[in-house]
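Next comes data-v6.pdb, a file with PDB, C-alpha atoms.
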ATOM      1  CA  MET A1087      15.458  -0.189   1.063
ATOM      2  CA  ALA A1088      14.672  -1.752   4.414
ATOM      3  CA  HIS A1089      11.359  -3.496   5.036
ATOM      4  CA  ASN A1090      10.460  -1.093   7.869
ATOM      5  CA  ASP A1091      11.202   1.941   5.679
ATOM      6  CA  VAL A1092       8.803   0.669   3.024
ATOM      7  CA  ARG A1093       6.168  -0.099   5.652
ATOM      8  CA  ASP A1094       6.506   3.350   7.237
ATOM      9  CA  THR A1095       6.308   5.118   3.870
ATOM     10  CA  VAL A1096       3.210   3.164   2.824
ATOM     11  CA  HIS A1097       1.565   3.734   6.212
ATOM     12  CA  GLU A1098       2.265   7.476   6.057
ATOM     13  CA  PHE A1099       0.885   7.756   2.515
ATOM     14  CA  ILE A1100      -2.308   5.929   3.449
ATOM     15  CA  ARG A1101      -2.800   7.946   6.626
ATOM     16  CA  LYS A1102      -2.157  11.268   4.881
ATOM     17  CA  ASN A1103      -4.312  10.570   1.829
ATOM     18  CA  PHE A1104      -7.155   8.353   3.025
ATOM     19  CA  VAL A1105      -7.600   8.595   6.793
ATOM     20  CA  PHE A1106      -8.926  11.905   7.963
ATOM     21  CA  ASP A1107      -9.525  10.910  11.586
ATOM     22  CA  ASP A1108      -6.297  11.251  13.554
ATOM     23  CA  THR A1109      -7.707   9.061  16.324
ATOM     24  CA  LYS A1110      -8.238   6.092  14.002
ATOM     25  CA  THR A1111      -5.501   3.497  14.200
ATOM     26  CA  ILE A1112      -4.454   1.384  11.266
ATOM     27  CA  ASP A1113      -2.332  -1.616  12.065
ATOM     28  CA  GLY A1114      -0.495  -3.697   9.530
ATOM     29  CA  HIS A1115      -3.237  -6.264   9.020
ATOM     30  CA  THR A1116      -6.276  -3.936   8.861
ATOM     31  CA  SER A1117      -8.170  -4.582   5.624
ATOM     32  CA  LEU A1118      -7.988  -1.304   3.737
ATOM     33  CA  LEU A1119     -10.660  -2.376   1.263
ATOM     34  CA  GLY A1120     -12.900  -4.158   3.754
ATOM     35  CA  THR A1121     -13.010  -1.216   6.143
ATOM     36  CA  GLY A1122     -13.553   1.306   3.363
ATOM     37  CA  ILE A1123     -10.320   3.156   4.070
ATOM     38  CA  ILE A1124      -9.439   2.789   0.391
ATOM     39  CA  ASP A1125     -11.836   2.294  -2.510
ATOM     40  CA  SER A1126     -11.088   1.400  -6.127
ATOM     41  CA  THR A1127     -10.035   4.946  -6.965
ATOM     42  CA  GLY A1128      -7.813   4.995  -3.898
ATOM     43  CA  ILE A1129      -6.134   1.781  -5.022
ATOM     44  CA  LEU A1130      -5.238   3.487  -8.289
ATOM     45  CA  GLU A1131      -3.758   6.421  -6.361
ATOM     46  CA  LEU A1132      -1.805   4.027  -4.161
ATOM     47  CA  ILE A1133      -0.478   2.097  -7.166
ATOM     48  CA  GLY A1134       0.583   5.343  -8.839
ATOM     49  CA  PHE A1135       2.380   6.411  -5.660
ATOM     50  CA  LEU A1136       4.182   3.078  -5.340
ATOM     51  CA  GLU A1137       5.217   3.016  -8.993
ATOM     52  CA  THR A1138       6.558   6.570  -8.817
ATOM     53  CA  ASN A1139       8.123   6.413  -5.371
ATOM     54  CA  TYR A1140       9.791   3.007  -5.802
ATOM     55  CA  ASN A1141      10.357   3.087  -9.569
ATOM     56  CA  VAL A1142       8.476  -0.158 -10.165
ATOM     57  CA  LYS A1143       5.879  -1.184 -12.709
ATOM     58  CA  PHE A1144       3.041  -3.528 -11.814
ATOM     59  CA  HIS A1145       1.733  -6.037 -14.333
ATOM     60  CA  ASP A1146      -2.010  -6.388 -14.805
ATOM     61  CA  ALA A1147      -1.988  -9.836 -13.168
ATOM     62  CA  GLU A1148      -0.487  -8.298 -10.013
ATOM     63  CA  LEU A1149      -3.254  -5.713  -9.637
ATOM     64  CA  ILE A1150      -5.457  -7.760  -7.349
ATOM     65  CA  GLY A1151      -6.936  -6.796  -4.012
ATOM     66  CA  GLU A1152      -4.956  -9.491  -2.249
ATOM     67  CA  ASN A1153      -1.702  -7.595  -2.915
ATOM     68  CA  PHE A1154      -3.042  -4.229  -1.738
ATOM     69  CA  ASP A1155      -5.538  -5.016   1.037
ATOM     70  CA  SER A1156      -3.389  -4.165   4.057
ATOM     71  CA  ILE A1157      -0.177  -2.360   4.887
ATOM     72  CA  ASP A1158       1.489  -5.707   5.657
ATOM     73  CA  LYS A1159       0.399  -7.193   2.306
ATOM     74  CA  ILE A1160       1.510  -4.105   0.386
ATOM     75  CA  THR A1161       4.865  -4.109   2.169
ATOM     76  CA  ALA A1162       5.461  -7.812   1.519
ATOM     77  CA  PHE A1163       4.366  -7.601  -2.122
ATOM     78  CA  LEU A1164       6.415  -4.480  -2.827
ATOM     79  CA  GLY A1165       9.419  -5.869  -0.965
ATOM     80  CA  ALA A1166       9.330  -9.044  -3.073
ATOM     81  CA  LYS A1167       9.012  -6.957  -6.222
ATOM     82  CA  LEU A1168      11.945  -4.739  -5.246
ATOM     83  CA  ASN A1169      14.100  -7.732  -4.341
ATOM     84  CA  GLY A1170      13.300  -9.410  -7.655
ATOM     85  CA  ARG A1171      14.742  -6.616  -9.785
TER      86      ARG A1171
END
How does this structure look as structure tokens?
Amino acid sequence: MAHNDVRDTVHEFIRKNFVFDDTKTIDGHTSLLGTGIIDSTGILELIGFLETNYNVKFHDAELIGENFDSIDKITAFLGAKLNGR
């Protein structure tokens, strides 16, 4: 799966499930945790979506905010995980 496809899918999921203001923009480096777009429960929802949608399993050591704090970080982390299969 192409990098841009992953990015677009993650962006769409976040927008649809966590951003309820259509005028709010979220760029690739916006901190999802720092801005309150996603909280700890939201991270669990996001992880569940990624595991189901991309057929991956995250190890406990990978479940850190650094890997899930922005669309760019999620895309890079997931892309590395998918390429390492």
Which residues fall under the PyMOL selection byres ((chain A and resi 1116-1125) around 7) in this file, as a VMD selection string?
-> chain A and resid 1104 to 1105 1112 to 1115 1126 to 1129 1155 to 1156
Quote the spacing between CA of Phe1163 in chain A and CA of Lys1102 in chain A in Å to one decimal place.
->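 For CA of Phe1163 in chain A relative to CA of Lys1102 in chain A, the distance reads 21.2 Å.
Counting from CA of His1097 in chain A, the distance to CA of Asn1139 in chain A is 13.6 Å.
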CA of Ile1100 in chain A and CA of Thr1161 in chain A, how far apart in Å?
->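 Between these atoms lies a distance of 12.4 Å.
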Name the residues that the PyMOL selection byres ((chain A and resi 1133) around 12) pulls out of this structure, and write them as a PyMOL selection string.
-> chain A and resi 1096+1099-1100+1124+1126-1132+1134-1146+1148-1151+1153-1155+1160+1163-1164
Rank nothing, just name the residue among A:His1089, A:Leu1168, A:Glu1152, A:Ile1157 nearest to Arg1101 in chain A, using only C-alpha atoms.
->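 The closest residue to Arg1101 in chain A is A:Ile1157.
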Return as JSON the box centre and box size in Å, one decimal, for an axis-aligned box around all listed atoms of range 1153-1162 of chain A padded by 8 Å per side.
{"center_x": 0.0, "center_y": -5.1, "center_z": 1.4, "size_x": 27.0, "size_y": 21.5, "size_z": 24.6}
Supply range 1091-1119 of chain A as a PDB file, in the frame of the given file, with N, CA and C atoms built in where the input has gaps.
ATOM      1  N   ASP A1091      11.298   0.666   6.390  1.00  0.00           N
ATOM      2  CA  ASP A1091      11.202   1.941   5.679  1.00  0.00           C
ATOM      3  C   ASP A1091      10.045   1.915   4.695  1.00  0.00           C
ATOM      4  N   VAL A1092       9.910   0.812   3.967  1.00  0.00           N
ATOM      5  CA  VAL A1092       8.803   0.669   3.024  1.00  0.00           C
ATOM      6  C   VAL A1092       7.482   0.704   3.783  1.00  0.00           C
ATOM      7  N   ARG A1093       7.395  -0.048   4.852  1.00  0.00           N
ATOM      8  CA  ARG A1093       6.168  -0.099   5.652  1.00  0.00           C
ATOM      9  C   ARG A1093       5.791   1.288   6.159  1.00  0.00           C
ATOM     10  N   ASP A1094       6.766   2.012   6.693  1.00  0.00           N
ATOM     11  CA  ASP A1094       6.506   3.350   7.237  1.00  0.00           C
ATOM     12  C   ASP A1094       6.056   4.321   6.146  1.00  0.00           C
ATOM     13  N   THR A1095       6.674   4.239   4.984  1.00  0.00           N
ATOM     14  CA  THR A1095       6.308   5.118   3.870  1.00  0.00           C
ATOM     15  C   THR A1095       4.895   4.827   3.386  1.00  0.00           C
ATOM     16  N   VAL A1096       4.556   3.554   3.260  1.00  0.00           N
ATOM     17  CA  VAL A1096       3.210   3.164   2.824  1.00  0.00           C
ATOM     18  C   VAL A1096       2.181   3.594   3.878  1.00  0.00           C
ATOM     19  N   HIS A1097       2.476   3.348   5.134  1.00  0.00           N
ATOM     20  CA  HIS A1097       1.565   3.734   6.212  1.00  0.00           C
ATOM     21  C   HIS A1097       1.329   5.244   6.207  1.00  0.00           C
ATOM     22  N   GLU A1098       2.386   6.017   6.071  1.00  0.00           N
ATOM     23  CA  GLU A1098       2.265   7.476   6.057  1.00  0.00           C
ATOM     24  C   GLU A1098       1.439   7.953   4.871  1.00  0.00           C
ATOM     25  N   PHE A1099       1.658   7.370   3.694  1.00  0.00           N
ATOM     26  CA  PHE A1099       0.885   7.756   2.515  1.00  0.00           C
ATOM     27  C   PHE A1099      -0.600   7.468   2.720  1.00  0.00           C
ATOM     28  N   ILE A1100      -0.905   6.304   3.231  1.00  0.00           N
ATOM     29  CA  ILE A1100      -2.308   5.929   3.449  1.00  0.00           C
ATOM     30  C   ILE A1100      -2.942   6.841   4.491  1.00  0.00           C
ATOM     31  N   ARG A1101      -2.259   7.076   5.572  1.00  0.00           N
ATOM     32  CA  ARG A1101      -2.800   7.946   6.626  1.00  0.00           C
ATOM     33  C   ARG A1101      -3.027   9.360   6.090  1.00  0.00           C
ATOM     34  N   LYS A1102      -2.075   9.891   5.366  1.00  0.00           N
ATOM     35  CA  LYS A1102      -2.157  11.268   4.881  1.00  0.00           C
ATOM     36  C   LYS A1102      -3.229  11.445   3.809  1.00  0.00           C
ATOM     37  N   ASN A1103      -3.426  10.426   2.976  1.00  0.00           N
ATOM     38  CA  ASN A1103      -4.312  10.570   1.829  1.00  0.00           C
ATOM     39  C   ASN A1103      -5.699   9.967   1.981  1.00  0.00           C
ATOM     40  N   PHE A1104      -5.873   9.053   2.938  1.00  0.00           N
ATOM     41  CA  PHE A1104      -7.155   8.353   3.025  1.00  0.00           C
ATOM     42  C   PHE A1104      -7.799   8.353   4.404  1.00  0.00           C
ATOM     43  N   VAL A1105      -7.048   8.627   5.433  1.00  0.00           N
ATOM     44  CA  VAL A1105      -7.600   8.595   6.793  1.00  0.00           C
ATOM     45  C   VAL A1105      -7.619  10.021   7.317  1.00  0.00           C
ATOM     46  N   PHE A1106      -8.807  10.516   7.560  1.00  0.00           N
ATOM     47  CA  PHE A1106      -8.926  11.905   7.963  1.00  0.00           C
ATOM     48  C   PHE A1106      -9.285  12.043   9.440  1.00  0.00           C
ATOM     49  N   ASP A1107      -9.265  10.935  10.150  1.00  0.00           N
ATOM     50  CA  ASP A1107      -9.525  10.910  11.586  1.00  0.00           C
ATOM     51  C   ASP A1107      -8.230  10.519  12.286  1.00  0.00           C
ATOM     52  N   ASP A1108      -7.589  11.499  12.909  1.00  0.00           N
ATOM     53  CA  ASP A1108      -6.297  11.251  13.554  1.00  0.00           C
ATOM     54  C   ASP A1108      -6.370  10.261  14.708  1.00  0.00           C
ATOM     55  N   THR A1109      -7.568  10.003  15.210  1.00  0.00           N
ATOM     56  CA  THR A1109      -7.707   9.061  16.324  1.00  0.00           C
ATOM     57  C   THR A1109      -7.833   7.619  15.845  1.00  0.00           C
ATOM     58  N   LYS A1110      -8.075   7.439  14.557  1.00  0.00           N
ATOM     59  CA  LYS A1110      -8.238   6.092  14.002  1.00  0.00           C
ATOM     60  C   LYS A1110      -6.874   5.430  13.840  1.00  0.00           C
ATOM     61  N   THR A1111      -6.751   4.229  14.345  1.00  0.00           N
ATOM     62  CA  THR A1111      -5.501   3.497  14.200  1.00  0.00           C
ATOM     63  C   THR A1111      -5.620   2.504  13.045  1.00  0.00           C
ATOM     64  N   ILE A1112      -4.522   2.357  12.360  1.00  0.00           N
ATOM     65  CA  ILE A1112      -4.454   1.384  11.266  1.00  0.00           C
ATOM     66  C   ILE A1112      -3.237   0.531  11.547  1.00  0.00           C
ATOM     67  N   ASP A1113      -3.483  -0.736  11.862  1.00  0.00           N
ATOM     68  CA  ASP A1113      -2.332  -1.616  12.065  1.00  0.00           C
ATOM     69  C   ASP A1113      -2.016  -2.310  10.748  1.00  0.00           C
ATOM     70  N   GLY A1114      -0.986  -3.082  10.750  1.00  0.00           N
ATOM     71  CA  GLY A1114      -0.495  -3.697   9.530  1.00  0.00           C
ATOM     72  C   GLY A1114      -1.457  -4.644   8.855  1.00  0.00           C
ATOM     73  N   HIS A1115      -2.343  -5.268   9.621  1.00  0.00           N
ATOM     74  CA  HIS A1115      -3.237  -6.264   9.020  1.00  0.00           C
ATOM     75  C   HIS A1115      -4.669  -5.764   8.807  1.00  0.00           C
ATOM     76  N   THR A1116      -4.949  -4.500   9.099  1.00  0.00           N
ATOM     77  CA  THR A1116      -6.276  -3.936   8.861  1.00  0.00           C
ATOM     78  C   THR A1116      -6.591  -3.986   7.367  1.00  0.00           C
ATOM     79  N   SER A1117      -7.748  -4.530   7.021  1.00  0.00           N
ATOM     80  CA  SER A1117      -8.170  -4.582   5.624  1.00  0.00           C
ATOM     81  C   SER A1117      -8.535  -3.179   5.156  1.00  0.00           C
ATOM     82  N   LEU A1118      -7.744  -2.652   4.243  1.00  0.00           N
ATOM     83  CA  LEU A1118      -7.988  -1.304   3.737  1.00  0.00           C
ATOM     84  C   LEU A1118      -9.232  -1.254   2.870  1.00  0.00           C
ATOM     85  N   LEU A1119      -9.479  -2.306   2.122  1.00  0.00           N
ATOM     86  CA  LEU A1119     -10.660  -2.376   1.263  1.00  0.00           C
ATOM     87  C   LEU A1119     -11.901  -2.726   2.081  1.00  0.00           C
TER      88      LEU A1119
END
